[in-house]
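Raw final-v4.txt, compact mmCIF, N, CA and C atoms:
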# COMPACT_ATOMS: atom_id res chain seq x y z
N MET M 1 -110.11 5.82 -16.70
CA MET M 1 -109.77 6.59 -15.50
C MET M 1 -110.52 5.97 -14.32
N LYS M 2 -109.83 5.81 -13.22
CA LYS M 2 -110.42 5.25 -12.01
C LYS M 2 -111.24 6.33 -11.29
N LYS M 3 -112.23 5.85 -10.52
CA LYS M 3 -113.11 6.78 -9.81
C LYS M 3 -113.12 6.44 -8.32
N ILE M 4 -112.98 7.48 -7.51
CA ILE M 4 -113.04 7.37 -6.05
C ILE M 4 -114.21 8.23 -5.58
N ILE M 5 -114.99 7.68 -4.65
CA ILE M 5 -116.02 8.49 -4.01
C ILE M 5 -115.62 8.72 -2.56
N VAL M 6 -115.93 9.91 -2.08
CA VAL M 6 -115.67 10.30 -0.69
C VAL M 6 -117.01 10.69 -0.09
N ALA M 7 -117.37 10.04 1.02
CA ALA M 7 -118.70 10.31 1.60
C ALA M 7 -118.58 10.82 3.02
N CYS M 8 -119.38 11.84 3.32
CA CYS M 8 -119.53 12.33 4.68
C CYS M 8 -121.02 12.55 4.93
N GLY M 9 -121.34 13.04 6.09
CA GLY M 9 -122.73 13.21 6.49
C GLY M 9 -123.56 14.08 5.57
N SER M 10 -122.97 15.14 5.03
CA SER M 10 -123.74 16.05 4.18
C SER M 10 -123.26 16.09 2.74
N GLY M 11 -122.08 15.60 2.48
CA GLY M 11 -121.55 15.64 1.12
C GLY M 11 -121.04 17.00 0.72
N VAL M 12 -120.83 17.87 1.70
CA VAL M 12 -120.42 19.24 1.38
C VAL M 12 -119.02 19.53 1.89
N ALA M 13 -118.89 19.89 3.12
CA ALA M 13 -117.62 20.43 3.62
C ALA M 13 -116.51 19.38 3.75
N THR M 14 -116.69 18.40 4.61
CA THR M 14 -115.62 17.47 4.90
C THR M 14 -115.27 16.61 3.69
N SER M 15 -116.26 16.05 3.04
CA SER M 15 -115.97 15.19 1.89
C SER M 15 -115.36 15.99 0.74
N GLN M 16 -115.78 17.23 0.58
CA GLN M 16 -115.18 18.08 -0.46
C GLN M 16 -113.71 18.35 -0.16
N THR M 17 -113.40 18.61 1.10
CA THR M 17 -112.02 18.86 1.52
C THR M 17 -111.15 17.65 1.25
N VAL M 18 -111.63 16.48 1.68
CA VAL M 18 -110.86 15.25 1.48
C VAL M 18 -110.74 14.92 -0.01
N ALA M 19 -111.81 15.06 -0.76
CA ALA M 19 -111.78 14.78 -2.19
C ALA M 19 -110.75 15.65 -2.90
N SER M 20 -110.71 16.91 -2.56
CA SER M 20 -109.75 17.82 -3.17
C SER M 20 -108.31 17.42 -2.83
N LYS M 21 -108.07 17.08 -1.58
CA LYS M 21 -106.73 16.69 -1.15
C LYS M 21 -106.30 15.39 -1.83
N VAL M 22 -107.20 14.42 -1.89
CA VAL M 22 -106.89 13.14 -2.54
C VAL M 22 -106.55 13.38 -4.01
N LYS M 23 -107.35 14.18 -4.69
CA LYS M 23 -107.11 14.46 -6.12
C LYS M 23 -105.74 15.12 -6.31
N ASP M 24 -105.42 16.10 -5.48
CA ASP M 24 -104.12 16.78 -5.58
C ASP M 24 -102.97 15.82 -5.34
N LEU M 25 -103.07 14.99 -4.31
CA LEU M 25 -102.00 14.04 -4.00
C LEU M 25 -101.85 13.00 -5.11
N CYS M 26 -102.95 12.57 -5.69
CA CYS M 26 -102.89 11.61 -6.80
C CYS M 26 -102.22 12.24 -8.02
N GLU M 27 -102.59 13.46 -8.34
CA GLU M 27 -101.99 14.15 -9.48
C GLU M 27 -100.49 14.33 -9.30
N LYS M 28 -100.05 14.61 -8.08
CA LYS M 28 -98.61 14.75 -7.81
C LYS M 28 -97.87 13.45 -8.03
N LYS M 29 -98.57 12.32 -7.90
CA LYS M 29 -97.97 11.01 -8.12
C LYS M 29 -98.18 10.53 -9.56
N GLY M 30 -98.77 11.38 -10.38
CA GLY M 30 -99.00 11.02 -11.78
C GLY M 30 -100.17 10.08 -11.99
N LEU M 31 -101.10 10.05 -11.04
CA LEU M 31 -102.26 9.18 -11.14
C LEU M 31 -103.47 9.97 -11.60
N ARG M 32 -104.05 9.54 -12.69
CA ARG M 32 -105.28 10.19 -13.17
C ARG M 32 -106.46 9.55 -12.48
N VAL M 33 -107.27 10.36 -11.84
CA VAL M 33 -108.40 9.84 -11.08
C VAL M 33 -109.52 10.88 -11.02
N GLN M 34 -110.73 10.38 -11.01
CA GLN M 34 -111.89 11.24 -10.77
C GLN M 34 -112.27 11.03 -9.32
N VAL M 35 -112.41 12.11 -8.56
CA VAL M 35 -112.77 12.02 -7.15
C VAL M 35 -114.05 12.83 -6.95
N GLU M 36 -115.05 12.16 -6.39
CA GLU M 36 -116.36 12.80 -6.21
C GLU M 36 -116.78 12.76 -4.75
N ALA M 37 -117.20 13.89 -4.22
CA ALA M 37 -117.72 13.99 -2.85
C ALA M 37 -119.22 13.77 -2.90
N ILE M 38 -119.70 12.90 -1.99
CA ILE M 38 -121.13 12.61 -1.95
C ILE M 38 -121.65 12.62 -0.52
N ASN M 39 -122.95 12.63 -0.41
CA ASN M 39 -123.64 12.51 0.87
C ASN M 39 -123.71 11.03 1.21
N ILE M 40 -123.46 10.66 2.45
CA ILE M 40 -123.45 9.25 2.87
C ILE M 40 -124.78 8.56 2.56
N ARG M 41 -125.87 9.29 2.56
CA ARG M 41 -127.17 8.69 2.27
C ARG M 41 -127.27 8.21 0.82
N ASN M 42 -126.40 8.72 -0.04
CA ASN M 42 -126.41 8.32 -1.46
C ASN M 42 -125.34 7.28 -1.78
N LEU M 43 -124.72 6.74 -0.76
CA LEU M 43 -123.61 5.80 -0.97
C LEU M 43 -124.00 4.61 -1.83
N GLU M 44 -125.10 3.98 -1.53
CA GLU M 44 -125.51 2.78 -2.26
C GLU M 44 -125.66 3.05 -3.76
N ALA M 45 -126.13 4.22 -4.12
CA ALA M 45 -126.31 4.55 -5.54
C ALA M 45 -124.98 4.79 -6.24
N HIS M 46 -123.98 5.28 -5.52
CA HIS M 46 -122.69 5.63 -6.14
C HIS M 46 -121.64 4.51 -6.05
N ILE M 47 -121.75 3.66 -5.06
CA ILE M 47 -120.70 2.68 -4.81
C ILE M 47 -120.56 1.69 -5.97
N LYS M 48 -121.62 1.48 -6.71
CA LYS M 48 -121.60 0.54 -7.84
C LYS M 48 -120.74 1.03 -9.00
N ASN M 49 -120.48 2.33 -9.03
CA ASN M 49 -119.78 2.92 -10.17
C ASN M 49 -118.42 3.51 -9.81
N CYS M 50 -117.79 2.95 -8.76
CA CYS M 50 -116.50 3.50 -8.37
C CYS M 50 -115.50 2.37 -8.16
N ASP M 51 -114.23 2.76 -8.07
CA ASP M 51 -113.15 1.80 -7.84
C ASP M 51 -112.70 1.77 -6.39
N MET M 52 -113.08 2.81 -5.63
CA MET M 52 -112.68 2.91 -4.23
C MET M 52 -113.61 3.87 -3.51
N TYR M 53 -113.78 3.60 -2.22
CA TYR M 53 -114.62 4.44 -1.37
C TYR M 53 -113.77 4.95 -0.21
N ILE M 54 -113.76 6.27 -0.03
CA ILE M 54 -113.08 6.88 1.12
C ILE M 54 -114.16 7.33 2.08
N SER M 55 -114.11 6.76 3.28
CA SER M 55 -115.15 6.99 4.28
C SER M 55 -114.71 8.04 5.30
N ILE M 56 -115.54 9.04 5.48
CA ILE M 56 -115.30 10.05 6.52
C ILE M 56 -116.08 9.67 7.76
N THR M 57 -117.31 9.23 7.58
CA THR M 57 -118.15 8.83 8.69
C THR M 57 -117.98 7.33 8.93
N PRO M 58 -118.25 6.88 10.13
CA PRO M 58 -118.18 5.44 10.39
C PRO M 58 -119.11 4.68 9.44
N TYR M 59 -118.67 3.56 8.98
CA TYR M 59 -119.49 2.78 8.05
C TYR M 59 -119.67 1.37 8.60
N GLU M 60 -120.72 0.75 8.15
CA GLU M 60 -120.96 -0.63 8.54
C GLU M 60 -119.83 -1.48 7.97
N LYS M 61 -119.36 -2.40 8.76
CA LYS M 61 -118.28 -3.28 8.31
C LYS M 61 -118.86 -4.33 7.38
N LYS M 62 -119.19 -3.91 6.18
CA LYS M 62 -119.70 -4.86 5.20
C LYS M 62 -118.91 -4.71 3.92
N ASP M 63 -119.04 -5.68 3.07
CA ASP M 63 -118.31 -5.68 1.81
C ASP M 63 -119.08 -4.85 0.79
N TYR M 64 -118.48 -3.73 0.41
CA TYR M 64 -119.11 -2.88 -0.60
C TYR M 64 -118.72 -3.28 -2.01
N GLY M 65 -117.81 -4.24 -2.13
CA GLY M 65 -117.36 -4.68 -3.45
C GLY M 65 -116.22 -3.84 -3.98
N VAL M 66 -115.80 -2.84 -3.21
CA VAL M 66 -114.65 -2.00 -3.58
C VAL M 66 -113.82 -1.77 -2.31
N PRO M 67 -112.54 -1.47 -2.48
CA PRO M 67 -111.72 -1.16 -1.30
C PRO M 67 -112.23 0.08 -0.59
N VAL M 68 -112.14 0.07 0.75
CA VAL M 68 -112.56 1.20 1.57
C VAL M 68 -111.36 1.70 2.35
N VAL M 69 -111.13 3.00 2.31
CA VAL M 69 -110.02 3.64 3.02
C VAL M 69 -110.61 4.73 3.90
N SER M 70 -110.06 4.90 5.08
CA SER M 70 -110.50 5.97 5.97
C SER M 70 -110.05 7.32 5.42
N GLY M 71 -110.95 8.29 5.47
CA GLY M 71 -110.62 9.64 5.03
C GLY M 71 -110.03 10.50 6.14
N ILE M 72 -110.08 10.02 7.37
CA ILE M 72 -109.60 10.81 8.51
C ILE M 72 -108.13 11.23 8.36
N PRO M 73 -107.23 10.36 7.85
CA PRO M 73 -105.84 10.80 7.68
C PRO M 73 -105.69 12.03 6.76
N PHE M 74 -106.62 12.22 5.85
CA PHE M 74 -106.55 13.38 4.96
C PHE M 74 -106.99 14.67 5.65
N LEU M 75 -107.64 14.51 6.80
CA LEU M 75 -108.03 15.67 7.60
C LEU M 75 -106.99 15.97 8.68
N THR M 76 -106.45 14.91 9.29
CA THR M 76 -105.54 15.09 10.43
C THR M 76 -104.06 15.01 10.07
N GLY M 77 -103.75 14.33 8.99
CA GLY M 77 -102.36 14.10 8.62
C GLY M 77 -101.78 12.84 9.26
N VAL M 78 -102.45 12.30 10.27
CA VAL M 78 -101.98 11.10 10.96
C VAL M 78 -102.33 9.88 10.13
N GLY M 79 -101.31 9.15 9.69
CA GLY M 79 -101.53 7.97 8.86
C GLY M 79 -101.73 8.28 7.40
N LEU M 80 -101.42 9.50 7.01
CA LEU M 80 -101.64 9.91 5.62
C LEU M 80 -100.84 9.07 4.64
N ASP M 81 -99.59 8.77 4.95
CA ASP M 81 -98.76 7.97 4.03
C ASP M 81 -99.36 6.59 3.81
N VAL M 82 -99.87 5.97 4.87
CA VAL M 82 -100.46 4.63 4.76
C VAL M 82 -101.72 4.68 3.90
N ALA M 83 -102.58 5.65 4.16
CA ALA M 83 -103.82 5.79 3.40
C ALA M 83 -103.53 6.06 1.93
N MET M 84 -102.56 6.91 1.67
CA MET M 84 -102.21 7.24 0.29
C MET M 84 -101.62 6.03 -0.42
N LYS M 85 -100.86 5.23 0.29
CA LYS M 85 -100.30 4.01 -0.30
C LYS M 85 -101.42 3.04 -0.68
N GLN M 86 -102.43 2.92 0.17
CA GLN M 86 -103.58 2.06 -0.14
C GLN M 86 -104.28 2.54 -1.41
N ILE M 87 -104.46 3.83 -1.52
CA ILE M 87 -105.12 4.39 -2.71
C ILE M 87 -104.26 4.14 -3.95
N GLU M 88 -102.99 4.39 -3.82
CA GLU M 88 -102.08 4.21 -4.96
C GLU M 88 -102.08 2.75 -5.44
N GLU M 89 -102.11 1.80 -4.54
CA GLU M 89 -102.13 0.40 -4.91
C GLU M 89 -103.37 0.06 -5.74
N VAL M 90 -104.51 0.60 -5.36
CA VAL M 90 -105.74 0.35 -6.10
C VAL M 90 -105.69 1.02 -7.47
N LEU M 91 -105.22 2.26 -7.52
CA LEU M 91 -105.21 3.00 -8.78
C LEU M 91 -104.20 2.47 -9.78
N ARG M 92 -103.16 1.85 -9.32
CA ARG M 92 -102.13 1.33 -10.24
C ARG M 92 -102.45 -0.07 -10.77
N LYS M 93 -103.54 -0.67 -10.31
CA LYS M 93 -103.93 -2.01 -10.80
C LYS M 93 -104.48 -1.92 -12.20

Show this structure as structure tokens.
Amino acid sequence: MKKIIVACGSGVATSQTVASKVKDLCEKKGLRVQVEAINIRNLEAHIKNCDMYISITPYEKKDYGVPVVSGIPFLTGVGLDVAMKQIEEVLRK
């Protein structure tokens, strides 16, 4: 099973909301995935054990070794199809 982490400033409200939405959308597409909401300060510890990172807060433009997708479309709905397609491509590999 693939793992996605979602990080925001506190790891509580926003990342939990996005994580829940991503998991629901993945399940509707028949994709089995574990989605975990974390605090951005713990990113380095979690990034090593995931297949994708969904960023809510701005992140340094560096290579984390996994694909990075913006979580903002899951909050606003703007660009949601594009973000979901990116996730689906990673999960179907």

Review point. Which of these, M:Gly79, M:Ile54, M:Ala45, M:Leu31, has the shortest distance to Ala7 (chain M) once you count all atoms listed in the file?
Key: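 Checking each candidate against Ala7 (chain M), we get M:Ile54 as the closest.
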
Discussion item. Rounded to one decimal, what separation in Å do you get between CA of Arg41 (chain M) and CA of Ser10 (chain M)?
Written reply: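 Straight-line distance from CA of Arg41 (chain M) to CA of Ser10 (chain M) works out to 8.3 Å.
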
When you count only C-alpha atoms, which of these residues is closest to Cys50 (chain M): M:Val78, M:Ala37, M:Leu91, M:Val66?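 Closest candidate: M:Val66.
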
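Atom pair CA of Lys21 (chain M) / CA of Ile56 (chain M): separated by 13.3 Å.
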
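Atom pair CA of His46 (chain M) / CA of Ile5 (chain M): separated by 7.6 Å.
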
* **Selected residue, from M:Ile4, M:Cys26, M:Val12, M:Val18, that lies nearest to Glu88 (chain M) when counting all atoms listed in the file** =>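 Answer, going by the shortest atom-to-atom distance: M:Cys26.
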
Mind giving me the axis-aligned box for region 36-45 of chain M with 3 Å on every side, centre plus edges in Å to one decimal, as AutoDock Vina command-line options?
--center_x -121.2 --center_y 8.4 --center_z -1.8 --size_x 18.2 --size_y 17.2 --size_z 15.3

Using only C-alpha atoms, the shortest atom-to-atom distance to Ala13 (chain M) among M:Leu75, M:Arg32, M:Asp63, M:Ile47 belongs to M:Leu75

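When only C-alpha atoms are used to measure the gap to Arg92 (chain M), the shortest distance among M:Thr17, M:Val35, M:Gly30, M:Pro73 belongs to M:Gly30.
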
(Q) Let's see if you can do this: from backbone DSSP, list all helix (DSSP H, G or I) residues in chain M, as a VMD selection string. (A) chain M and resid 13 to 28 40 to 47 72 to 76 80 to 91

*Could you write out, as a ChimeraX atom specification, all the residues of region 4-45 of chain M that DSSP marks as strand (DSSP E or B)?*
/M:4-8,33-39

Judged by only N, CA and C atoms, the minimum distance to Ile72 (chain M) among M:Lys23, M:Lys85, M:Thr57, M:Gly9 is found for M:Thr57

**Report entry** Nearby residues, (-113.2, 4.1, 1.7) file frame, 5 Å, only N, CA and C atoms, as a PyMOL selection string
**Finding:** chain M and resi 53-55+67-70

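Within 7 Å of Lys2 (chain M), once only C-alpha atoms are used and residues closer than 6 positions along the same chain are dropped, the contacting residues are Val33, Gln34, Asp51 and Leu91 of chain M.
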